[in-house]
file my_file_12.cif (mmCIF, C-alpha atoms)
data_target
#
loop_
_atom_site.label_atom_id
_atom_site.label_comp_id
_atom_site.auth_asym_id
_atom_site.auth_seq_id
_atom_site.Cartn_x
_atom_site.Cartn_y
_atom_site.Cartn_z
CA GLU A 1 -296.70 153.93 19.29
CA THR A 2 -295.07 154.40 15.94
CA GLY A 3 -294.36 152.24 12.92
CA VAL A 4 -294.73 148.50 13.13
CA THR A 5 -294.67 146.68 16.45
CA GLN A 6 -294.38 142.95 17.11
CA THR A 7 -294.96 140.88 20.22
CA PRO A 8 -293.45 138.92 21.75
CA ARG A 9 -289.88 139.80 20.86
CA HIS A 10 -288.62 136.40 21.95
CA LEU A 11 -290.47 133.09 22.14
CA VAL A 12 -289.35 129.61 23.10
CA MET A 13 -291.83 126.84 22.48
CA GLY A 14 -291.95 123.09 22.41
CA MET A 15 -293.00 121.18 19.36
CA THR A 16 -296.42 120.43 20.81
CA ASN A 17 -297.23 123.96 21.93
CA LYS A 18 -299.60 126.43 20.32
CA LYS A 19 -298.62 130.07 20.30
CA SER A 20 -299.37 133.22 18.33
CA LEU A 21 -297.26 136.09 17.07
CA LYS A 22 -298.82 139.51 16.90
CA CYS A 23 -298.09 142.42 14.62
CA GLU A 24 -299.61 145.89 14.67
CA GLN A 25 -298.99 148.77 12.30
CA HIS A 26 -299.72 152.41 13.06
CA LEU A 27 -299.01 153.74 9.57
CA GLY A 28 -302.44 153.57 7.98
CA HIS A 29 -301.25 150.96 5.50
CA ASN A 30 -303.48 148.50 3.67
CA ALA A 31 -301.03 145.65 3.12
CA MET A 32 -299.27 143.45 5.67
CA TYR A 33 -296.70 140.70 5.32
CA TRP A 34 -295.05 137.88 7.25
CA TYR A 35 -291.43 136.99 6.49
CA LYS A 36 -289.16 134.29 7.86
CA GLN A 37 -285.47 135.02 8.29
CA SER A 38 -283.22 132.02 8.95
CA ALA A 39 -279.48 132.05 9.33
CA LYS A 40 -277.65 132.18 6.02
CA LYS A 41 -280.86 132.27 3.96
CA PRO A 42 -282.52 135.13 2.14
CA LEU A 43 -285.64 136.61 3.64
CA GLU A 44 -288.55 134.36 2.76
CA LEU A 45 -291.96 135.86 2.13
CA MET A 46 -294.60 133.73 3.84
CA PHE A 47 -297.93 135.54 3.54
CA VAL A 48 -299.33 138.74 2.08
CA TYR A 49 -302.57 140.41 3.11
CA SER A 50 -304.24 143.24 1.27
CA LEU A 51 -307.19 144.92 2.96
CA GLU A 52 -307.52 141.93 5.27
CA GLU A 53 -307.64 139.40 2.45
CA ARG A 54 -304.84 136.92 1.94
CA VAL A 55 -303.40 137.46 -1.51
CA GLU A 56 -300.37 135.24 -1.33
CA ASN A 57 -299.32 132.10 0.47
CA ASN A 58 -295.87 130.97 -0.55
CA SER A 59 -296.18 127.23 0.01
CA VAL A 60 -295.99 127.65 3.74
CA PRO A 61 -296.71 124.52 5.84
CA SER A 62 -300.12 124.43 7.46
CA ARG A 63 -298.56 124.52 10.93
CA PHE A 64 -298.33 128.27 10.26
CA SER A 65 -301.75 129.91 10.14
CA PRO A 66 -302.09 133.66 9.52
CA GLU A 67 -304.99 135.84 10.55
CA CYS A 68 -305.69 139.45 9.63
CA PRO A 69 -308.77 140.74 11.51
CA ASN A 70 -308.30 144.31 10.24
CA SER A 71 -305.78 146.30 8.25
CA SER A 72 -303.81 147.24 11.37
CA HIS A 73 -303.35 143.82 12.91
CA LEU A 74 -301.77 140.61 11.74
CA PHE A 75 -301.30 137.37 13.61
CA LEU A 76 -299.33 134.23 12.94
CA HIS A 77 -300.68 131.21 14.77
CA LEU A 78 -298.18 128.45 15.38
CA HIS A 79 -298.80 124.80 16.23
CA THR A 80 -296.77 121.60 16.21
CA LEU A 81 -293.70 123.37 14.91
CA GLN A 82 -290.40 121.71 14.04
CA PRO A 83 -286.91 122.74 15.21
CA GLU A 84 -286.13 123.98 11.69
CA ASP A 85 -288.87 126.57 12.15
CA SER A 86 -286.62 128.39 14.59
CA ALA A 87 -285.97 131.78 13.01
CA LEU A 88 -286.65 135.49 13.18
CA TYR A 89 -290.20 136.22 12.05
CA LEU A 90 -290.64 139.67 10.64
CA CYS A 91 -293.85 141.54 10.01
CA ALA A 92 -294.04 144.38 7.49
CA SER A 93 -296.61 146.74 6.09
CA SER A 94 -296.92 148.95 3.03
CA LEU A 95 -299.45 151.40 1.71
CA ARG A 96 -300.55 148.86 -0.89
CA THR A 97 -299.16 145.55 -2.09
CA GLY A 98 -296.32 145.27 -4.53
CA ALA A 99 -294.36 147.86 -6.47
CA PRO A 100 -293.53 150.63 -5.95
CA TYR A 101 -294.48 150.70 -2.31
CA GLU A 102 -291.69 150.29 0.19
CA GLN A 103 -292.33 148.04 3.13
CA TYR A 104 -291.84 149.03 6.74
CA PHE A 105 -290.73 146.31 9.10
CA GLY A 106 -291.22 145.51 12.74
CA PRO A 107 -288.39 144.40 15.04
CA GLY A 108 -289.27 140.73 14.64
CA THR A 109 -289.99 137.83 16.95
CA ARG A 110 -287.03 135.52 17.61
CA LEU A 111 -288.59 132.06 17.75
CA THR A 112 -286.83 129.02 19.14
CA VAL A 113 -288.50 125.63 18.82
CA THR A 114 -287.18 123.01 21.23
CA ALA B 1 -286.55 135.18 -13.36
CA GLN B 2 -285.97 137.73 -10.65
CA LYS B 3 -282.82 137.52 -8.62
CA VAL B 4 -280.74 139.75 -6.40
CA THR B 5 -277.10 138.94 -5.71
CA GLN B 6 -275.03 140.45 -2.96
CA ALA B 7 -271.69 138.77 -3.46
CA GLN B 8 -270.07 140.23 -0.35
CA THR B 9 -271.15 138.18 2.64
CA GLU B 10 -269.18 140.16 5.22
CA ILE B 11 -267.11 143.33 5.12
CA SER B 12 -265.01 144.75 7.92
CA VAL B 13 -263.64 148.28 7.87
CA VAL B 14 -262.12 150.73 10.30
CA GLU B 15 -264.06 153.82 11.23
CA LYS B 16 -263.81 156.71 8.72
CA GLU B 17 -263.07 154.39 5.82
CA ASP B 18 -265.35 154.49 2.81
CA VAL B 19 -267.09 151.23 1.93
CA THR B 20 -269.15 150.10 -1.05
CA LEU B 21 -271.73 147.35 -0.88
CA ASP B 22 -272.44 145.65 -4.19
CA CYS B 23 -275.82 144.62 -5.54
CA VAL B 24 -276.50 142.95 -8.88
CA TYR B 25 -280.01 142.14 -10.01
CA GLU B 26 -281.75 140.15 -12.72
CA THR B 27 -285.14 140.93 -14.15
CA ARG B 28 -286.99 140.68 -17.45
CA ASP B 29 -289.25 143.60 -16.68
CA THR B 30 -288.57 147.09 -18.00
CA THR B 31 -290.37 148.59 -15.02
CA TYR B 32 -288.93 147.66 -11.67
CA TYR B 33 -287.85 149.14 -8.37
CA LEU B 34 -284.72 148.66 -6.33
CA PHE B 35 -284.42 149.10 -2.59
CA TRP B 36 -281.82 149.09 0.14
CA TYR B 37 -282.63 148.18 3.72
CA LYS B 38 -280.48 148.23 6.84
CA GLN B 39 -280.89 145.63 9.58
CA PRO B 40 -279.09 146.64 12.80
CA PRO B 41 -278.59 144.11 15.62
CA SER B 42 -282.02 145.03 17.01
CA GLY B 43 -283.54 143.08 14.08
CA GLU B 44 -285.80 145.62 12.44
CA LEU B 45 -285.22 146.27 8.74
CA VAL B 46 -284.98 149.99 8.10
CA PHE B 47 -285.91 151.32 4.66
CA LEU B 48 -283.11 153.44 3.17
CA ILE B 49 -283.93 154.12 -0.46
CA ARG B 50 -286.11 153.20 -3.45
CA ARG B 51 -285.17 153.82 -7.09
CA ASN B 52 -287.24 153.11 -10.18
CA SER B 53 -285.84 151.65 -13.37
CA PHE B 54 -286.34 154.85 -15.32
CA ASP B 55 -284.26 157.02 -13.05
CA GLU B 56 -280.55 156.34 -13.28
CA GLN B 57 -279.47 159.44 -11.44
CA ASN B 58 -277.20 158.72 -8.56
CA GLU B 59 -278.46 159.78 -5.19
CA ILE B 60 -276.69 161.14 -2.14
CA SER B 61 -278.12 161.40 1.33
CA GLY B 62 -275.59 162.58 3.87
CA ARG B 63 -272.85 159.95 4.06
CA TYR B 64 -274.85 157.52 1.94
CA SER B 65 -274.80 157.40 -1.84
CA TRP B 66 -276.22 155.02 -4.39
CA ASN B 67 -274.95 154.26 -7.89
CA PHE B 68 -277.57 152.77 -10.22
CA GLN B 69 -276.25 151.43 -13.53
CA LYS B 70 -278.72 149.63 -15.81
CA SER B 71 -275.94 148.66 -18.22
CA THR B 72 -274.42 146.40 -15.57
CA SER B 73 -277.68 145.70 -13.65
CA SER B 74 -276.11 147.05 -10.50
CA PHE B 75 -277.31 149.22 -7.65
CA ASN B 76 -274.34 149.76 -5.37
CA PHE B 77 -274.38 151.51 -2.02
CA THR B 78 -271.48 153.54 -0.66
CA ILE B 79 -271.03 154.76 2.88
CA THR B 80 -268.52 157.58 3.17
CA ALA B 81 -266.52 158.04 6.37
CA SER B 82 -268.08 155.00 8.00
CA GLN B 83 -269.05 155.04 11.66
CA VAL B 84 -269.52 152.30 14.23
CA VAL B 85 -273.29 152.91 14.10
CA ASP B 86 -273.24 151.82 10.47
CA SER B 87 -272.53 148.27 11.57
CA ALA B 88 -275.48 146.22 10.37
CA VAL B 89 -276.62 143.81 7.71
CA TYR B 90 -277.59 145.59 4.51
CA PHE B 91 -280.09 144.11 2.09
CA CYS B 92 -280.68 144.99 -1.52
CA ALA B 93 -284.14 144.14 -2.90
CA LEU B 94 -286.00 144.14 -6.21
CA SER B 95 -289.68 144.61 -6.99
CA GLU B 96 -291.03 144.12 -10.47
CA GLY B 97 -294.03 145.55 -12.24
CA VAL B 98 -296.62 147.90 -10.87
CA GLY B 99 -298.95 146.84 -8.10
CA GLY B 100 -300.26 143.43 -7.17
CA SER B 101 -298.45 140.38 -5.92
CA GLN B 102 -296.02 140.42 -8.83
CA GLY B 103 -294.42 143.38 -7.14
CA ASN B 104 -293.33 141.54 -4.00
CA LEU B 105 -289.84 142.25 -2.74
CA ILE B 106 -287.08 139.84 -3.70
CA PHE B 107 -284.20 140.20 -1.28
CA GLY B 108 -280.53 139.44 -1.65
CA LYS B 109 -278.81 137.45 1.09
CA GLY B 110 -277.43 140.59 2.68
CA THR B 111 -273.97 141.95 3.43
CA LYS B 112 -272.86 142.16 7.04
CA LEU B 113 -270.86 145.33 7.60
CA SER B 114 -268.69 145.67 10.69
CA VAL B 115 -267.17 149.05 11.39
CA LYS B 116 -264.45 148.94 14.01
CA PRO B 117 -263.38 151.96 16.06
#

call {"tool": "encode", "arguments": {"input": "my_file_12.cif", "output": "structure tokens"}}
result
Amino acid sequence: ETGVTQTPRHLVMGMTNKKSLKCEQHLGHNAMYWYKQSAKKPLELMFVYSLEERVENNSVPSRFSPECPNSSHLFLHLHTLQPEDSALYLCASSLRTGAPYEQYFGPGTRLTVT
Amino acid sequence: AQKVTQAQTEISVVEKEDVTLDCVYETRDTTYYLFWYKQPPSGELVFLIRRNSFDEQNEISGRYSWNFQKSTSSFNFTITASQVVDSAVYFCALSEGVGGSQGNLIFGKGTKLSVKP
């Protein structure tokens, strides 16, 4: 495995379901990120983890719950989502948080909430 | 306030044409970093380049070149002799400061490039 991987690649869930997105990085990085990408909107940063500690939460609704058990893995737990939460969810990692470190992205999970 | 503007929403060219993607940024910091990413249909954002605010030298990498001009707050990206495989959404991004959460990436809305055979 190389780079940043995400599973599942596609997910369809009802508004009452509970599901989790998984991200794994094989780059030896210390920072991990969740982004949301909706149609016709800029990429939105959701959460930032540095050395397994959450360092940023950009006013994300509580129906999204991140978890970072170690520096290689990042989860996004989903529950009671709304249709407007349908989007591409991208995970990224970088050597450390912030400038000047470039972020490396996974392929994303395409989420559809019905 | 930080902001990245990519005024071109979509561009369509024919293979072998040259194409320039525009990026204009706003920042109050004197130290900042600019990035370009490519997002092909597969979804994954691919890192292309990073420049710091103190290095205005243009850069060329194969068919790709970048023109950084602080005087106009622009960081434009040119693809020479475009190919169908260049079709993707291209994002320009800005990161301010050094380290810490203040250096998070601020993305533009992206420019969708379609290269037709």

call {"tool": "residues_around", "arguments": {"input": "my_file_12.cif", "residues": "stretch 101-105 of chain A", "least_positions_apart": "4", "cutoff": "9 Å", "atoms": "only C-alpha atoms", "output": "MDAnalysis selection string"}}
result
(chainID A and resid 3:5 32:33 90:97) or (chainID B and resid 35 44:47 49:50 99 103 105)

call {"tool": "closest_atom_pairs", "arguments": {"input": "my_file_12.cif", "of": "chain B", "to": "chain A", "cutoff": "12 Å", "atoms": "all atoms listed in the file", "output": "Markdown table"}}
result
| residue | atom | partner | partner_atom | distance |
| --- | --- | --- | --- | --- |
| B:Lys3 | CA | A:Pro42 | CA | 11.0 |
| B:Val4 | CA | A:Pro42 | CA | 9.9 |
| B:Thr5 | CA | A:Pro42 | CA | 10.3 |
| B:Gln6 | CA | A:Pro42 | CA | 10.5 |
| B:Thr9 | CA | A:Lys40 | CA | 9.5 |
| B:Glu10 | CA | A:Lys40 | CA | 11.7 |
| B:Thr31 | CA | A:Ala99 | CA | 9.5 |
| B:Tyr32 | CA | A:Ala99 | CA | 7.5 |
| B:Tyr33 | CA | A:Pro100 | CA | 6.4 |
| B:Leu34 | CA | A:Pro100 | CA | 9.0 |
| B:Phe35 | CA | A:Glu102 | CA | 7.9 |
| B:Trp36 | CA | A:Glu102 | CA | 9.9 |
| B:Tyr37 | CA | A:Gln103 | CA | 9.7 |
| B:Lys38 | CA | A:Phe105 | CA | 10.7 |
| B:Gln39 | CA | A:Pro107 | CA | 9.4 |
| B:Pro40 | CA | A:Pro107 | CA | 9.8 |
| B:Pro41 | CA | A:Pro107 | CA | 9.8 |
| B:Ser42 | CA | A:Pro107 | CA | 6.7 |
| B:Gly43 | CA | A:Pro107 | CA | 5.1 |
| B:Glu44 | CA | A:Pro107 | CA | 3.9 |
| B:Leu45 | CA | A:Phe105 | CA | 5.5 |
| B:Val46 | CA | A:Phe105 | CA | 6.9 |
| B:Phe47 | CA | A:Tyr104 | CA | 6.7 |
| B:Leu48 | CA | A:Glu102 | CA | 9.6 |
| B:Ile49 | CA | A:Glu102 | CA | 8.7 |
| B:Arg50 | CA | A:Glu102 | CA | 7.3 |
| B:Arg51 | CA | A:Pro100 | CA | 9.0 |
| B:Asn52 | CA | A:Pro100 | CA | 8.0 |
| B:Ser53 | CA | A:Pro100 | CA | 10.7 |
| B:Val89 | CA | A:Lys40 | CA | 11.8 |
| B:Tyr90 | CA | A:Pro42 | CA | 11.8 |
| B:Phe91 | CA | A:Pro42 | CA | 9.3 |
| B:Cys92 | CA | A:Pro42 | CA | 10.7 |
| B:Ala93 | CA | A:Leu43 | CA | 10.1 |
| B:Leu94 | CA | A:Ala99 | CA | 9.2 |
| B:Ser95 | CA | A:Ala99 | CA | 5.7 |
| B:Glu96 | CA | A:Ala99 | CA | 6.4 |
| B:Gly97 | CA | A:Ala99 | CA | 6.2 |
| B:Val98 | CA | A:Ala99 | CA | 4.9 |
| B:Gly99 | CA | A:Gly98 | CA | 4.7 |
| B:Gly100 | CA | A:Gly98 | CA | 5.1 |
| B:Ser101 | CA | A:Gly98 | CA | 5.5 |
| B:Gln102 | CA | A:Gly98 | CA | 6.5 |
| B:Gly103 | CA | A:Gly98 | CA | 3.7 |
| B:Asn104 | CA | A:Gly98 | CA | 4.8 |
| B:Leu105 | CA | A:Gly98 | CA | 7.4 |
| B:Ile106 | CA | A:Leu43 | CA | 8.1 |
| B:Phe107 | CA | A:Leu43 | CA | 6.3 |
| B:Gly108 | CA | A:Pro42 | CA | 6.1 |
| B:Lys109 | CA | A:Pro42 | CA | 4.5 |
| B:Gly110 | CA | A:Pro42 | CA | 7.5 |
| B:Thr111 | CA | A:Lys40 | CA | 10.8 |
| B:Lys112 | CA | A:Lys40 | CA | 11.1 |

call {"tool": "resolve_selection", "arguments": {"input": "my_file_12.cif", "expression": "the PyMOL selection byres ((chain A and resi 16) around 7)", "output": "compact mmCIF listing (two decimals) with C-alpha atoms, in the coordinates of the input"}}
result
# COMPACT_ATOMS: atom_id res chain seq x y z
CA GLY A 14 -291.95 123.09 22.41
CA MET A 15 -293.00 121.18 19.36
CA ASN A 17 -297.23 123.96 21.93
CA LYS A 18 -299.60 126.43 20.32
CA HIS A 79 -298.80 124.80 16.23
CA THR A 80 -296.77 121.60 16.21

call {"tool": "resolve_selection", "arguments": {"input": "my_file_12.cif", "expression": "the PyMOL selection byres ((chain B and resi 86) around 12)", "output": "PyMOL selection string"}}
result
chain B and resi 11-19+38-41+63-64+78-85+87-90+112-117

call {"tool": "write_last_selection", "arguments": {"input": "my_file_12.cif", "atoms": "C-alpha atoms", "output": "mmCIF file, in the coordinates of the input"}}
result
data_model
loop_
_atom_site.group_PDB
_atom_site.id
_atom_site.type_symbol
_atom_site.label_atom_id
_atom_site.label_comp_id
_atom_site.auth_asym_id
_atom_site.auth_seq_id
_atom_site.Cartn_x
_atom_site.Cartn_y
_atom_site.Cartn_z
ATOM 1 C CA ILE B 11 -267.110 143.330 5.120
ATOM 2 C CA SER B 12 -265.010 144.750 7.920
ATOM 3 C CA VAL B 13 -263.640 148.280 7.870
ATOM 4 C CA VAL B 14 -262.120 150.730 10.300
ATOM 5 C CA GLU B 15 -264.060 153.820 11.230
ATOM 6 C CA LYS B 16 -263.810 156.710 8.720
ATOM 7 C CA GLU B 17 -263.070 154.390 5.820
ATOM 8 C CA ASP B 18 -265.350 154.490 2.810
ATOM 9 C CA VAL B 19 -267.090 151.230 1.930
ATOM 10 C CA LYS B 38 -280.480 148.230 6.840
ATOM 11 C CA GLN B 39 -280.890 145.630 9.580
ATOM 12 C CA PRO B 40 -279.090 146.640 12.800
ATOM 13 C CA PRO B 41 -278.590 144.110 15.620
ATOM 14 C CA ARG B 63 -272.850 159.950 4.060
ATOM 15 C CA TYR B 64 -274.850 157.520 1.940
ATOM 16 C CA THR B 78 -271.480 153.540 -0.660
ATOM 17 C CA ILE B 79 -271.030 154.760 2.880
ATOM 18 C CA THR B 80 -268.520 157.580 3.170
ATOM 19 C CA ALA B 81 -266.520 158.040 6.370
ATOM 20 C CA SER B 82 -268.080 155.000 8.000
ATOM 21 C CA GLN B 83 -269.050 155.040 11.660
ATOM 22 C CA VAL B 84 -269.520 152.300 14.230
ATOM 23 C CA VAL B 85 -273.290 152.910 14.100
ATOM 24 C CA SER B 87 -272.530 148.270 11.570
ATOM 25 C CA ALA B 88 -275.480 146.220 10.370
ATOM 26 C CA VAL B 89 -276.620 143.810 7.710
ATOM 27 C CA TYR B 90 -277.590 145.590 4.510
ATOM 28 C CA LYS B 112 -272.860 142.160 7.040
ATOM 29 C CA LEU B 113 -270.860 145.330 7.600
ATOM 30 C CA SER B 114 -268.690 145.670 10.690
ATOM 31 C CA VAL B 115 -267.170 149.050 11.390
ATOM 32 C CA LYS B 116 -264.450 148.940 14.010
ATOM 33 C CA PRO B 117 -263.380 151.960 16.060
#

call {"tool": "residues_around", "arguments": {"input": "my_file_12.cif", "residues": "stretch 54-61 of chain B", "least_positions_apart": "5", "cutoff": "9 Å", "atoms": "all atoms listed in the file", "output": "list of chain:residue names"}}
result
B:Thr30, B:Thr31, B:Tyr32, B:Trp66, B:Asn67, B:Phe68, B:Gln69, B:Lys70

call {"tool": "resolve_selection", "arguments": {"input": "my_file_12.cif", "expression": "the PyMOL selection byres ((chain A and resi 60-67) around 6)", "output": "list in words"}}
result
Asn58, Ser59, Cys68, Leu74, Phe75, Leu76, His77, Leu78 and His79 of chain A

call {"tool": "atom_distance", "arguments": {"input": "my_file_12.cif", "atom1": "atom CA of A:Ala31", "atom2": "atom CA of A:Phe47"}}
result
10.6 Å
